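J.: One structure is given below, represented as structure tokens, and several questions about it will come after.
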Amino acid sequence: MTVHSFQEHFDEKIDNEVSIEPRDWMPDDYRKTLIRQISQHAHSEIVGMLPEGNWITRAPSLRRKAVLLAKVQDEGGHGLYLYSAAETLGITRDEMIEQLHSGKAKYSSIFNYPTLTWADMGAIGWLVDGAAIMNQVPLCRTSYGPYARAMVRVCKEESFHQRQGFEIMMTLANGTDVQKKLAQDALNRWWWPSIMMFGPPDDDSPNTAQSMRWRIKRFTNDELRQKFIDVTVEQAKLIGLTVPDPDLKWNEETGHYDYGKINWDEFWNVVKGNGPCNKERLETRRKAWEEGKWVRDAALAYAEKRKARKEKATLAA
Amino acid sequence: MTNQPINESINQLLYALELADNALIIGHRISEWCGHGPVLEQDIALTNTALDHLGQARSFYQFAANIFNALPADQKANFFSSPVLQNKIAAGENIDEDDLAYLRDGWDFRNVLLVEQPNKDWAFTVIRSFFYDVYNFYFYTELQKSKVAELAAIAEKSLKEVTYHLRWSSEWVIRLGDGTEESHERMQTAVNERWAFTGELFQMSEADKVMLAEGIGIDLNAIKPLWQQRVAEVLQEATITMPASTWMQEGGKEGRHSEHLGYILAELQFMQRAYPNMEW
Amino acid sequence: MQLINKNLYGDYGDKEQAGGSNDGAKHNTASEWPLWEVFIRSKAGLDHKHAGSLHAADAEMAIENARDVYTRRMEGVSIWVVESRYIHASDPGESASMYEPANDKIYRHPTFYDLPDELKHM
């Protein structure tokens, strides 16, 4: 087959919703874009362990502590599934981690915001995981097989994350005055960063068309953002919290909520590294990785020693 | 608490708190690794272990709370020294697992000093778990025979978890001990420094003695040689020298702790202290 | 047939041979734990099914990591692991000759045979 017919064959599969698998021919740009997207997603899970991990030792009850531990651990698992999916495209996990630590690779900016109170555990589960799920569910049908399979597993496990977050918020909203204040304060701080999680507006998102064509993105940023706002505003009402957007209004005509202007200047600044916690997050990840090096090396050295001993024993026998 | 003979309920309560506090505090320490492990797979593995310990702590606290709530009022009033807990009890309220974990001060905690020692590095974390896991393995094996059905049931469930913990920590002791020069050195240092906290595991508290006599608890002197043997075997395979020192640190089981526990509790109990009497 | 090599694709390896090659020397992955494929039997009586992959220093650790990563929600009762580099795979470029010849052998399927509706238990 010529390159041309490889391309045709690939396009035909994409058009017919047939999965692309690791050893199938694929355009270089498809591979590169996927590696970037999947590794960013994996990095987001790993860095995302930190803001919530902050509160594991301070959770207000043993039940909440167990749930939070399990949840943060799940995020590690999700990072692992996603790194594995990216590895089928020909990059190693160590290379991806290097890219994260050098600042070459990005991760979701939301994790550069601080977790200041316990209510933030509620807000993150409800809003951040809620937004993530909205992004992720369509990816269960993405064109690249290993990515789609990883996302199926992730989505299955994520379903408890949003629920536990909402349960925390609901408990606070139904609690004492100060608990209500904690809940509202958390919503105030996490609302705008959460709706920015869907990425820049469509007219400022040059890669969307190609990614939609390749089925590695199934809805545009603005479509997903609108869907999230419509759903979440109703949930906030249900527990008596106020969404911090004075321009938020139901629009009969469109059947959607209109919302206020998003501060994209803030968004791009946080992406560029000027968020409140960018430096701490990366430093924490680097420190864990560097301090773990002797451990990883030791395990490998021991495995090799043992293998050599076994071989020697077999030879002697 | 005096050294006078006290009734069986109170000793059962203290016994359950020893077990619960050990599990809570080591679980707390291990949970500090979550998100900071040397490699993703081990980060996840260690969190499973933290969850197991936390689960065991909750089972024992629930058991302890039931015993406490059934005590006569005069016994309960000053049993714990924390004013917040005393007020709750004076108001006639029942206490639960969270009250026990979050409202007692250090002197009412009865965990061994070993489990509250800081994580430091992977070698210190592994050896702390290993010393404790070997102990736990033999402890729970025996506790399955307890006359008190709840304790026997918790022991049976926990033993499955502990068997896996022991496998994990033994393997890592060997891997680090017999890995690289650096890992060997780090493991030897960790063994040397944590050794002094192993004696307390087998020190029989008043509650331990009464529970043994009642057929509820177990004889720590009987599991000590088993512990020593297993530890010696694994350390030998790990090419690690067993410390010769016999001077041991004690006090945790009587509520005299190292400085570390205060910081653990400050963090653990922060929410309940800053926002008392609320549902979370 | 060739060994799958997960290290050499696209801008991270040979652009010409998307199917992979066995030349791993270009990449500095010496200190990375090897990659393993994990297969899990979800309950007695069923086949082991591919669950995903992970890194581990040796086979024992791979099984334990698989237990900790892939069976947290009671997904399994038995685990197989195999180092990824030992998996052999068919070449997708040959799929026409490999699989399409089976397409016209419809007589291998029970529905090929036209039998009276009254016939039971067959």
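Ordered as shown in the structure tokens, chains take letters A, B, and onward, while each chain numbers its residues from 1 and ligands are numbered from 1 in the order shown.
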Give me every helix (DSSP H, G or I) residue in segment 75-201 of chain B, going by DSSP on the backbone, as a PyMOL selection string.

T.: chain B and resi 75-77+83-90+97-102+106-108+113-116+122-143+149-177+181-197+199-201

J.: Which neighbours of segment 92-109 of chain A fall inside 7 Å, counting only C-alpha atoms, when residues of the same chain fewer than 6 positions from it are skipped, and could you give them as number ranges by chain?

T.: A: 39-41, 43-44, 83, 270-271, 282, 286; C: 7, 32

J.: Go ahead and write the selection's residues with N, CA, C and O atoms as an mmCIF file, in the first residue's frame.

T.:
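Below is the file selection24.cif, written as the result:
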```
data_model
loop_
_atom_site.group_PDB
_atom_site.id
_atom_site.type_symbol
_atom_site.label_atom_id
_atom_site.label_comp_id
_atom_site.auth_asym_id
_atom_site.auth_seq_id
_atom_site.Cartn_x
_atom_site.Cartn_y
_atom_site.Cartn_z
ATOM 1 N N SER A 39 -1.491 12.356 27.514
ATOM 2 C CA SER A 39 -0.524 12.576 28.594
ATOM 3 C C SER A 39 -0.935 13.775 29.447
ATOM 4 O O SER A 39 -0.790 13.749 30.666
ATOM 5 N N GLN A 40 -1.491 14.794 28.814
ATOM 6 C CA GLN A 40 -2.009 15.930 29.603
ATOM 7 C C GLN A 40 -3.083 15.469 30.566
ATOM 8 O O GLN A 40 -3.155 15.906 31.709
ATOM 9 N N HIS A 41 -3.908 14.602 30.044
ATOM 10 C CA HIS A 41 -4.996 14.077 30.863
ATOM 11 C C HIS A 41 -4.423 13.267 32.035
ATOM 12 O O HIS A 41 -4.839 13.419 33.181
ATOM 13 N N HIS A 43 -1.380 13.557 33.346
ATOM 14 C CA HIS A 43 -0.715 14.484 34.270
ATOM 15 C C HIS A 43 -1.752 15.174 35.170
ATOM 16 O O HIS A 43 -1.498 15.409 36.346
ATOM 17 N N SER A 44 -2.896 15.510 34.587
ATOM 18 C CA SER A 44 -3.932 16.194 35.367
ATOM 19 C C SER A 44 -4.398 15.314 36.518
ATOM 20 O O SER A 44 -4.652 15.801 37.626
ATOM 21 N N TYR A 83 -1.610 6.901 31.299
ATOM 22 C CA TYR A 83 -0.204 6.764 30.893
ATOM 23 C C TYR A 83 -0.037 5.495 30.059
ATOM 24 O O TYR A 83 0.657 5.474 29.050
ATOM 25 N N VAL A 270 -2.908 31.468 34.364
ATOM 26 C CA VAL A 270 -2.705 30.241 35.148
ATOM 27 C C VAL A 270 -2.055 29.173 34.271
ATOM 28 O O VAL A 270 -1.145 28.458 34.706
ATOM 29 N N VAL A 271 -2.507 29.077 33.005
ATOM 30 C CA VAL A 271 -1.891 28.114 32.088
ATOM 31 C C VAL A 271 -0.391 28.402 31.963
ATOM 32 O O VAL A 271 0.441 27.499 31.975
ATOM 33 N N LEU A 282 4.241 21.586 40.883
ATOM 34 C CA LEU A 282 5.335 20.965 40.132
ATOM 35 C C LEU A 282 6.496 20.590 41.034
ATOM 36 O O LEU A 282 7.087 19.519 40.889
ATOM 37 N N ARG A 286 8.045 16.912 41.405
ATOM 38 C CA ARG A 286 9.480 16.673 41.144
ATOM 39 C C ARG A 286 10.152 16.057 42.350
ATOM 40 O O ARG A 286 10.956 15.137 42.231
ATOM 41 N N ASN C 7 7.967 1.459 22.097
ATOM 42 C CA ASN C 7 8.795 2.638 22.316
ATOM 43 C C ASN C 7 9.055 3.470 21.073
ATOM 44 O O ASN C 7 9.612 4.541 21.165
ATOM 45 N N GLU C 32 13.842 2.655 33.849
ATOM 46 C CA GLU C 32 12.389 2.518 34.007
ATOM 47 C C GLU C 32 12.052 1.047 34.244
ATOM 48 O O GLU C 32 12.590 0.169 33.593
#
```

J.: Could you give me, as CSV, every chain A residue with an atom at most 6 Å from chain B, plus its closest atom pair and distance in Å to one decimal, counting only C-alpha atoms, rows ordered by chain then number?

T.:
```
residue,atom,partner,partner_atom,distance
A:Met49,CA,B:Gly35,CA,5.6
A:Thr57,CA,B:Leu268,CA,5.5
A:Arg58,CA,B:Leu268,CA,4.8
A:Pro60,CA,B:Met271,CA,5.3
A:Ser61,CA,B:Asp98,CA,5.9
A:Gln73,CA,B:Ile44,CA,5.8
A:Ala288,CA,B:His36,CA,5.1
A:Trp289,CA,B:Pro38,CA,5.8
A:Gly292,CA,B:Pro38,CA,3.8
A:Ala298,CA,B:Gly179,CA,4.4
A:Ala299,CA,B:Arg175,CA,5.7
A:Ala301,CA,B:Gly179,CA,5.3
A:Tyr302,CA,B:Gly179,CA,4.4
```

J.: Please, could you write that set of residues out with all heavy atoms as an mmCIF file, in the first residue's frame?

T.:
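As written to disk, result07.cif reads:
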```cif
data_model
loop_
_atom_site.group_PDB
_atom_site.id
_atom_site.type_symbol
_atom_site.label_atom_id
_atom_site.label_comp_id
_atom_site.auth_asym_id
_atom_site.auth_seq_id
_atom_site.Cartn_x
_atom_site.Cartn_y
_atom_site.Cartn_z
ATOM 1 N N MET A 49 -4.051 14.809 42.330
ATOM 2 C CA MET A 49 -4.041 14.120 43.627
ATOM 3 C C MET A 49 -3.624 15.084 44.745
ATOM 4 O O MET A 49 -3.966 14.880 45.909
ATOM 5 C CB MET A 49 -3.060 12.938 43.620
ATOM 6 C CG MET A 49 -3.425 11.817 42.651
ATOM 7 S SD MET A 49 -2.095 10.585 42.520
ATOM 8 C CE MET A 49 -2.406 9.599 44.003
ATOM 9 N N THR A 57 -5.212 13.923 55.735
ATOM 10 C CA THR A 57 -4.895 13.823 57.164
ATOM 11 C C THR A 57 -5.809 14.714 58.011
ATOM 12 O O THR A 57 -5.792 14.618 59.224
ATOM 13 C CB THR A 57 -3.424 14.224 57.425
ATOM 14 O OG1 THR A 57 -3.195 15.502 56.832
ATOM 15 C CG2 THR A 57 -2.469 13.204 56.832
ATOM 16 N N ARG A 58 -6.574 15.598 57.369
ATOM 17 C CA ARG A 58 -7.422 16.515 58.133
ATOM 18 C C ARG A 58 -8.921 16.272 57.941
ATOM 19 O O ARG A 58 -9.731 17.093 58.373
ATOM 20 C CB ARG A 58 -7.096 17.963 57.738
ATOM 21 C CG ARG A 58 -5.736 18.429 58.214
ATOM 22 C CD ARG A 58 -5.466 19.856 57.770
ATOM 23 N NE ARG A 58 -5.240 19.942 56.322
ATOM 24 C CZ ARG A 58 -5.128 21.091 55.657
ATOM 25 N NH1 ARG A 58 -5.233 22.234 56.291
ATOM 26 N NH2 ARG A 58 -4.922 21.083 54.359
ATOM 27 N N PRO A 60 -12.685 15.497 58.364
ATOM 28 C CA PRO A 60 -13.376 15.700 59.643
ATOM 29 C C PRO A 60 -14.011 14.457 60.251
ATOM 30 O O PRO A 60 -14.461 14.520 61.401
ATOM 31 C CB PRO A 60 -14.456 16.732 59.290
ATOM 32 C CG PRO A 60 -14.709 16.523 57.844
ATOM 33 C CD PRO A 60 -13.406 16.096 57.242
ATOM 34 N N SER A 61 -14.101 13.362 59.535
ATOM 35 C CA SER A 61 -14.607 12.125 60.144
ATOM 36 C C SER A 61 -13.875 10.954 59.509
ATOM 37 O O SER A 61 -13.285 11.086 58.429
ATOM 38 C CB SER A 61 -16.122 11.980 59.928
ATOM 39 O OG SER A 61 -16.383 11.635 58.585
ATOM 40 N N GLN A 73 -6.744 8.026 45.603
ATOM 41 C CA GLN A 73 -6.079 6.844 45.054
ATOM 42 C C GLN A 73 -6.618 6.527 43.658
ATOM 43 O O GLN A 73 -5.857 6.198 42.743
ATOM 44 C CB GLN A 73 -6.305 5.651 45.974
ATOM 45 C CG GLN A 73 -5.599 4.391 45.500
ATOM 46 C CD GLN A 73 -6.162 3.152 46.143
ATOM 47 O OE1 GLN A 73 -7.377 3.021 46.322
ATOM 48 N NE2 GLN A 73 -5.286 2.238 46.521
ATOM 49 N N ALA A 288 8.842 14.245 44.760
ATOM 50 C CA ALA A 288 8.447 12.843 44.932
ATOM 51 C C ALA A 288 9.238 11.969 43.955
ATOM 52 O O ALA A 288 9.708 10.887 44.301
ATOM 53 C CB ALA A 288 6.947 12.683 44.713
ATOM 54 N N TRP A 289 9.372 12.457 42.746
ATOM 55 C CA TRP A 289 10.037 11.671 41.704
ATOM 56 C C TRP A 289 11.530 11.532 41.995
ATOM 57 O O TRP A 289 12.098 10.438 41.918
ATOM 58 C CB TRP A 289 9.800 12.341 40.341
ATOM 59 C CG TRP A 289 10.304 11.541 39.193
ATOM 60 C CD1 TRP A 289 11.329 11.861 38.353
ATOM 61 C CD2 TRP A 289 9.813 10.270 38.747
ATOM 62 N NE1 TRP A 289 11.505 10.879 37.419
ATOM 63 C CE2 TRP A 289 10.593 9.889 37.633
ATOM 64 C CE3 TRP A 289 8.788 9.415 39.168
ATOM 65 C CZ2 TRP A 289 10.389 8.693 36.945
ATOM 66 C CZ3 TRP A 289 8.590 8.228 38.486
ATOM 67 C CH2 TRP A 289 9.377 7.874 37.389
ATOM 68 N N GLY A 292 12.262 9.416 44.943
ATOM 69 C CA GLY A 292 11.909 8.016 44.713
ATOM 70 C C GLY A 292 12.919 7.288 43.838
ATOM 71 O O GLY A 292 12.838 6.074 43.668
ATOM 72 N N ALA A 298 16.705 0.609 43.239
ATOM 73 C CA ALA A 298 16.955 -0.550 44.097
ATOM 74 C C ALA A 298 16.101 -1.743 43.664
ATOM 75 O O ALA A 298 16.575 -2.877 43.597
ATOM 76 C CB ALA A 298 16.672 -0.197 45.551
ATOM 77 N N ALA A 299 14.847 -1.475 43.347
ATOM 78 C CA ALA A 299 13.949 -2.562 42.951
ATOM 79 C C ALA A 299 14.438 -3.223 41.673
ATOM 80 O O ALA A 299 14.399 -4.447 41.519
ATOM 81 C CB ALA A 299 12.529 -2.032 42.777
ATOM 82 N N ALA A 301 17.579 -3.155 40.532
ATOM 83 C CA ALA A 301 18.849 -3.827 40.810
ATOM 84 C C ALA A 301 18.596 -5.185 41.466
ATOM 85 O O ALA A 301 19.212 -6.191 41.110
ATOM 86 C CB ALA A 301 19.714 -2.960 41.719
ATOM 87 N N TYR A 302 17.658 -5.208 42.393
ATOM 88 C CA TYR A 302 17.347 -6.460 43.076
ATOM 89 C C TYR A 302 16.757 -7.480 42.101
ATOM 90 O O TYR A 302 17.132 -8.658 42.112
ATOM 91 C CB TYR A 302 16.383 -6.214 44.234
ATOM 92 C CG TYR A 302 15.942 -7.494 44.896
ATOM 93 C CD1 TYR A 302 16.840 -8.230 45.677
ATOM 94 C CD2 TYR A 302 14.664 -8.011 44.696
ATOM 95 C CE1 TYR A 302 16.467 -9.432 46.261
ATOM 96 C CE2 TYR A 302 14.276 -9.206 45.275
ATOM 97 C CZ TYR A 302 15.180 -9.918 46.050
ATOM 98 O OH TYR A 302 14.809 -11.104 46.624
#
```

J.: Residues of chain C no more than 10 Å from chain B, counting only C-alpha atoms: send them over as a list in words.

T.: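 Here they are: Trp33, Leu54, His55, Ala56, Glu60, Met61, Ala62, Glu64, Asn65, Ala66, Arg67, Asp68, Val69 and Arg72 of chain C.
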
J.: Go ahead and compute the interatomic distance for atom CA of Asn221 of chain A and atom CA of Asn263 of chain A, in Å to one decimal.

T.: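 Taking atom CA of Asn221 of chain A as the start and atom CA of Asn263 of chain A as the end point, the length is 15.5 Å.
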
J.: Using only C-alpha atoms, select each residue of chain A with any atom at most 8 Å away from an atom of chain C, and give the selection as an mmCIF file with N, CA and C atoms, in the first residue's frame.

T.:
```cif
data_model
loop_
_atom_site.group_PDB
_atom_site.id
_atom_site.type_symbol
_atom_site.label_atom_id
_atom_site.label_comp_id
_atom_site.auth_asym_id
_atom_site.auth_seq_id
_atom_site.Cartn_x
_atom_site.Cartn_y
_atom_site.Cartn_z
ATOM 1 N N ARG A 23 -1.183 -0.831 16.544
ATOM 2 C CA ARG A 23 -0.304 -1.188 15.434
ATOM 3 C C ARG A 23 -0.853 -0.790 14.080
ATOM 4 N N ASP A 24 -2.033 -0.193 14.070
ATOM 5 C CA ASP A 24 -2.587 0.298 12.807
ATOM 6 C C ASP A 24 -1.793 1.512 12.332
ATOM 7 N N TRP A 25 -1.773 1.688 11.018
ATOM 8 C CA TRP A 25 -1.158 2.900 10.489
ATOM 9 C C TRP A 25 -1.976 4.100 10.934
ATOM 10 N N MET A 26 -1.293 5.171 11.280
ATOM 11 C CA MET A 26 -2.005 6.409 11.618
ATOM 12 C C MET A 26 -1.155 7.592 11.220
ATOM 13 N N ASP A 28 1.011 10.886 11.427
ATOM 14 C CA ASP A 28 1.886 11.362 12.500
ATOM 15 C C ASP A 28 1.205 12.387 13.400
ATOM 16 N N ARG A 31 -1.089 10.812 15.888
ATOM 17 C CA ARG A 31 -0.330 10.216 16.984
ATOM 18 C C ARG A 31 0.168 11.286 17.953
ATOM 19 N N LYS A 32 0.716 12.341 17.402
ATOM 20 C CA LYS A 32 1.261 13.403 18.249
ATOM 21 C C LYS A 32 0.166 14.070 19.074
ATOM 22 N N GLY A 77 -4.871 5.882 39.981
ATOM 23 C CA GLY A 77 -5.191 4.778 39.080
ATOM 24 C C GLY A 77 -5.543 5.300 37.690
ATOM 25 N N LEU A 80 -2.599 6.266 35.866
ATOM 26 C CA LEU A 80 -1.896 5.061 35.405
ATOM 27 C C LEU A 80 -2.546 4.484 34.141
ATOM 28 N N TYR A 81 -3.862 4.376 34.127
ATOM 29 C CA TYR A 81 -4.532 3.841 32.913
ATOM 30 C C TYR A 81 -4.194 4.707 31.700
ATOM 31 N N SER A 84 -0.681 4.413 30.496
ATOM 32 C CA SER A 84 -0.566 3.149 29.750
ATOM 33 C C SER A 84 -1.111 3.309 28.338
ATOM 34 N N GLU A 87 1.337 5.089 26.348
ATOM 35 C CA GLU A 87 2.523 4.273 26.072
ATOM 36 C C GLU A 87 2.342 3.399 24.830
ATOM 37 N N THR A 88 1.111 3.062 24.492
ATOM 38 C CA THR A 88 0.886 2.256 23.283
ATOM 39 C C THR A 88 1.190 3.068 22.035
ATOM 40 N N LEU A 89 1.344 4.395 22.196
ATOM 41 C CA LEU A 89 1.632 5.249 21.045
ATOM 42 C C LEU A 89 3.128 5.478 20.876
ATOM 43 N N GLY A 90 3.924 4.868 21.761
ATOM 44 C CA GLY A 90 5.356 4.923 21.543
ATOM 45 C C GLY A 90 6.102 5.927 22.391
ATOM 46 N N ILE A 91 5.538 6.341 23.471
ATOM 47 C CA ILE A 91 6.274 7.193 24.392
ATOM 48 C C ILE A 91 6.310 6.444 25.719
ATOM 49 N N THR A 92 7.386 6.576 26.477
ATOM 50 C CA THR A 92 7.428 5.871 27.751
ATOM 51 C C THR A 92 6.866 6.778 28.852
ATOM 52 N N ASP A 94 8.263 7.403 31.672
ATOM 53 C CA ASP A 94 9.331 8.268 32.169
ATOM 54 C C ASP A 94 9.508 9.510 31.298
ATOM 55 N N ARG A 296 13.314 3.198 43.114
ATOM 56 C CA ARG A 296 13.081 2.534 41.818
ATOM 57 C C ARG A 296 14.346 1.803 41.360
ATOM 58 N N ASP A 297 15.485 2.446 41.538
ATOM 59 C CA ASP A 297 16.744 1.822 41.134
ATOM 60 C C ASP A 297 17.004 0.546 41.937
ATOM 61 N N ALA A 299 14.847 -1.475 43.347
ATOM 62 C CA ALA A 299 13.949 -2.562 42.951
ATOM 63 C C ALA A 299 14.438 -3.223 41.673
ATOM 64 N N LEU A 300 14.907 -2.394 40.768
ATOM 65 C CA LEU A 300 15.400 -2.914 39.497
ATOM 66 C C LEU A 300 16.691 -3.709 39.715
ATOM 67 N N ALA A 303 15.847 -7.016 41.236
ATOM 68 C CA ALA A 303 15.234 -7.922 40.260
ATOM 69 C C ALA A 303 16.308 -8.533 39.357
#
```

J.: Write out as a PyMOL selection string which residues come within 12 Å of Val134 of chain B when counting only C-alpha atoms, dropping same-chain ones fewer than 6 positions away.

T.: chain B and resi 127-128+140-141+159+162-170+198+201+223-234
